Amino acid sequence: MARAALQELYQNMRERGVSCANEPEFVAYYLVSSADPDVLYGRLARLPASVLAAPQILRALRVVAAIQNGDFAAFFRELKGADYLTACLMHKHFDRVRGRAISAINRTFAPKSELPLSDLRSMLCLDHDAEAAALGQHYGLQLSADGTALRLTGAPSTRMGFHPPPSDSATARQAARDRQPAHECQ
């Protein structure tokens, strides 16, 4: 509600000929927070070119595109370079992006191949191997005999409609706070 009111305030100020220096920043937060193309395109159409060309808006649009296209690599690449508040707003999309990523990885690799938990942790910015194991198991994948990898089936997950267990993802938030890539998010 407050974000929508802020957007209306910016619109009213533009109609009076007043430019607000922080508008691109807050519009970008709104874009990342909603990530709903149906809502966004109408709002974007009303923005002046100067706001649309702002770096914050361009990053937000890349984040939204990554979410909508299921491009987990692009999503987490944007996370690494995001400011702290944008990274926090991206956090609400982690479960969806990670779930789609697990499904894509499982379908892409050869059946019965194994994906090391450390690789999955790195790809999906997870905090530790146990979180990677829990995520994979949630989507029906089995752990390898030594417990260090997930066995891929090559089949779509039957759990894709279910949400994975919530993730703390402290590593990703701390990386954004420190404005440095986390070692898990390489």
# chains A, B, ... in the order shown; residues from 1 in each chain; ligands from 1
$ select_by_dssp --residues "range 8-167 of chain A" --states "helix (DSSP H, G or I)" --output "number ranges by chain"
A: 8-15, 23-34, 37-45, 49-52, 55-69, 72-81, 84-91, 94-108, 117-123, 129-138
$ write_last_selection --atoms "C-alpha atoms" --output "compact mmCIF listing (two decimals), in the first residue's frame"
# COMPACT_ATOMS: atom_id res chain seq x y z
CA GLU A 8 1.39 8.04 -7.02
CA LEU A 9 3.30 10.79 -5.22
CA TYR A 10 6.14 10.54 -7.76
CA GLN A 11 3.59 10.67 -10.60
CA ASN A 12 1.94 13.78 -9.12
CA MET A 13 5.33 15.47 -8.69
CA ARG A 14 6.24 14.72 -12.33
CA GLU A 15 2.94 16.24 -13.48
CA GLU A 23 12.43 7.89 -7.70
CA PRO A 24 14.47 5.30 -9.66
CA GLU A 25 15.65 3.68 -6.43
CA PHE A 26 12.17 3.27 -5.00
CA VAL A 27 10.60 2.23 -8.28
CA ALA A 28 13.32 -0.45 -8.52
CA TYR A 29 12.43 -1.69 -5.03
CA TYR A 30 8.80 -1.90 -6.10
CA LEU A 31 9.73 -3.84 -9.25
CA VAL A 32 11.83 -6.40 -7.37
CA SER A 33 9.29 -6.71 -4.61
CA SER A 34 6.33 -7.40 -6.90
CA PRO A 37 4.78 -8.58 -15.15
CA ASP A 38 1.09 -7.76 -15.41
CA VAL A 39 1.42 -5.13 -12.70
CA LEU A 40 4.81 -3.86 -13.74
CA TYR A 41 4.31 -3.14 -17.42
CA GLY A 42 1.51 -0.68 -16.75
CA ARG A 43 3.64 1.17 -14.25
CA LEU A 44 6.71 1.13 -16.48
CA ALA A 45 4.77 2.61 -19.40
CA ALA A 49 12.92 7.68 -20.04
CA SER A 50 15.27 9.20 -17.46
CA VAL A 51 13.85 6.96 -14.74
CA LEU A 52 13.74 3.88 -16.98
CA PRO A 55 20.97 1.66 -13.21
CA GLN A 56 18.67 0.64 -10.33
CA ILE A 57 15.76 0.15 -12.75
CA LEU A 58 17.87 -1.82 -15.21
CA ARG A 59 19.03 -4.16 -12.43
CA ALA A 60 15.47 -4.56 -11.17
CA LEU A 61 14.28 -5.44 -14.67
CA ARG A 62 17.05 -8.04 -14.99
CA VAL A 63 15.96 -9.53 -11.65
CA VAL A 64 12.31 -9.67 -12.72
CA ALA A 65 13.28 -11.20 -16.09
CA ALA A 66 15.39 -13.84 -14.34
CA ILE A 67 12.47 -14.75 -12.06
CA GLN A 68 9.96 -14.88 -14.89
CA ASN A 69 12.26 -16.85 -17.21
CA PHE A 72 18.46 -19.01 -11.64
CA ALA A 73 22.04 -18.24 -12.73
CA ALA A 74 21.07 -14.70 -13.74
CA PHE A 75 19.02 -14.24 -10.57
CA PHE A 76 21.89 -15.17 -8.27
CA ARG A 77 24.37 -13.18 -10.38
CA GLU A 78 22.18 -10.11 -9.83
CA LEU A 79 21.96 -10.94 -6.12
CA LYS A 80 25.74 -10.81 -5.82
CA GLY A 81 25.84 -7.24 -7.11
CA TYR A 84 21.45 -4.65 0.76
CA LEU A 85 17.77 -3.64 0.49
CA THR A 86 17.42 -5.06 -3.03
CA ALA A 87 18.99 -8.32 -1.84
CA CYS A 88 16.49 -8.45 1.01
CA LEU A 89 13.61 -7.90 -1.42
CA MET A 90 15.02 -10.63 -3.69
CA HIS A 91 14.98 -13.01 -0.73
CA PHE A 94 14.49 -17.52 -3.30
CA ASP A 95 12.17 -20.48 -2.77
CA ARG A 96 10.52 -20.13 -6.17
CA VAL A 97 13.82 -19.61 -8.01
CA ARG A 98 15.53 -22.47 -6.19
CA GLY A 99 12.63 -24.85 -6.78
CA ARG A 100 12.64 -24.14 -10.49
CA ALA A 101 16.43 -24.49 -10.52
CA ILE A 102 16.32 -27.94 -8.90
CA SER A 103 13.78 -29.05 -11.48
CA ALA A 104 15.84 -27.69 -14.39
CA ILE A 105 19.08 -29.22 -13.08
CA ASN A 106 17.40 -32.57 -12.54
CA ARG A 107 15.94 -32.62 -16.07
CA THR A 108 19.15 -31.38 -17.71
CA LEU A 117 26.08 -30.77 -2.66
CA SER A 118 28.90 -28.21 -2.67
CA ASP A 119 28.14 -27.40 -6.32
CA LEU A 120 24.43 -27.01 -5.61
CA ARG A 121 25.23 -24.86 -2.58
CA SER A 122 27.36 -22.60 -4.74
CA MET A 123 24.86 -22.40 -7.62
CA ASP A 129 25.63 -28.62 2.31
CA ALA A 130 22.90 -29.74 4.71
CA GLU A 131 20.60 -27.05 3.31
CA ALA A 132 21.42 -28.23 -0.23
CA ALA A 133 20.65 -31.83 0.79
CA ALA A 134 17.34 -30.84 2.39
CA LEU A 135 16.33 -28.85 -0.68
CA GLY A 136 17.15 -31.72 -3.04
CA GLN A 137 15.37 -34.25 -0.86
CA HIS A 138 12.33 -32.00 -0.65
$ select_by_dssp --residues "chain A" --states "strand (DSSP E or B)" --output "list of chain:residue names"
A:Glu114, A:Leu115, A:Pro116, A:Gln142, A:Leu143, A:Ala149, A:Leu150, A:Arg151
$ atom_distance --atom1 "CA of Gln142 in chain A" --atom2 "CA of Asp127 in chain A"
19.7 Å
$ closest_residue --among "A:Gly70, A:Gly140, A:Gly17, A:Gly147" --to "Pro116 in chain A" --atoms "only C-alpha atoms"
A:Gly147
$ residues_around --residues "Leu152 in chain A" --least-positions-apart "5" --cutoff "6 Å" --atoms "only C-alpha atoms" --output "list in words"
Asn106, Pro111, Lys112, Ser113 and Glu114 of chain A
$ write_last_selection --atoms "all heavy atoms" --output "JSON list (two decimals), in the first residue's frame"
[["chain", "number", "residue", "atom", "x", "y", "z"],
["A", 106, "ASN", "N", 17.75, -31.15, -12.53],
["A", 106, "ASN", "CA", 17.40, -32.57, -12.54],
["A", 106, "ASN", "C", 17.04, -33.05, -13.95],
["A", 106, "ASN", "O", 17.41, -34.15, -14.36],
["A", 106, "ASN", "CB", 16.25, -32.85, -11.58],
["A", 106, "ASN", "CG", 16.00, -34.32, -11.39],
["A", 106, "ASN", "OD1", 16.92, -35.11, -11.30],
["A", 106, "ASN", "ND2", 14.74, -34.69, -11.34],
["A", 111, "PRO", "N", 20.31, -38.93, -16.28],
["A", 111, "PRO", "CA", 19.72, -39.69, -15.17],
["A", 111, "PRO", "C", 20.80, -40.52, -14.48],
["A", 111, "PRO", "O", 21.73, -41.00, -15.11],
["A", 111, "PRO", "CB", 18.70, -40.59, -15.85],
["A", 111, "PRO", "CG", 18.39, -39.91, -17.15],
["A", 111, "PRO", "CD", 19.64, -39.18, -17.54],
["A", 112, "LYS", "N", 20.63, -40.65, -13.20],
["A", 112, "LYS", "CA", 21.53, -41.42, -12.33],
["A", 112, "LYS", "C", 22.91, -40.78, -12.17],
["A", 112, "LYS", "O", 23.81, -41.39, -11.61],
["A", 112, "LYS", "CB", 21.64, -42.86, -12.79],
["A", 112, "LYS", "CG", 20.30, -43.56, -12.77],
["A", 112, "LYS", "CD", 20.41, -45.00, -13.10],
["A", 112, "LYS", "CE", 19.00, -45.57, -13.08],
["A", 112, "LYS", "NZ", 18.90, -46.91, -13.48],
["A", 113, "SER", "N", 23.10, -39.55, -12.69],
["A", 113, "SER", "CA", 24.34, -38.85, -12.41],
["A", 113, "SER", "C", 24.20, -38.21, -11.03],
["A", 113, "SER", "O", 23.12, -38.17, -10.45],
["A", 113, "SER", "CB", 24.65, -37.80, -13.48],
["A", 113, "SER", "OG", 23.64, -36.82, -13.51],
["A", 114, "GLU", "N", 25.30, -37.74, -10.49],
["A", 114, "GLU", "CA", 25.27, -37.15, -9.16],
["A", 114, "GLU", "C", 25.75, -35.70, -9.23],
["A", 114, "GLU", "O", 26.68, -35.38, -9.97],
["A", 114, "GLU", "CB", 26.14, -37.96, -8.20],
["A", 114, "GLU", "CG", 25.56, -39.33, -7.91],
["A", 114, "GLU", "CD", 26.33, -40.10, -6.86],
["A", 114, "GLU", "OE1", 27.43, -39.66, -6.45],
["A", 114, "GLU", "OE2", 25.83, -41.17, -6.45]]
$ atom_distance --atom1 "CA of Leu124 in chain A" --atom2 "CA of Thr148 in chain A"
16.2 Å
$ atom_distance --atom1 "CA of Ala35 in chain A" --atom2 "CA of Ser19 in chain A"
25.1 Å
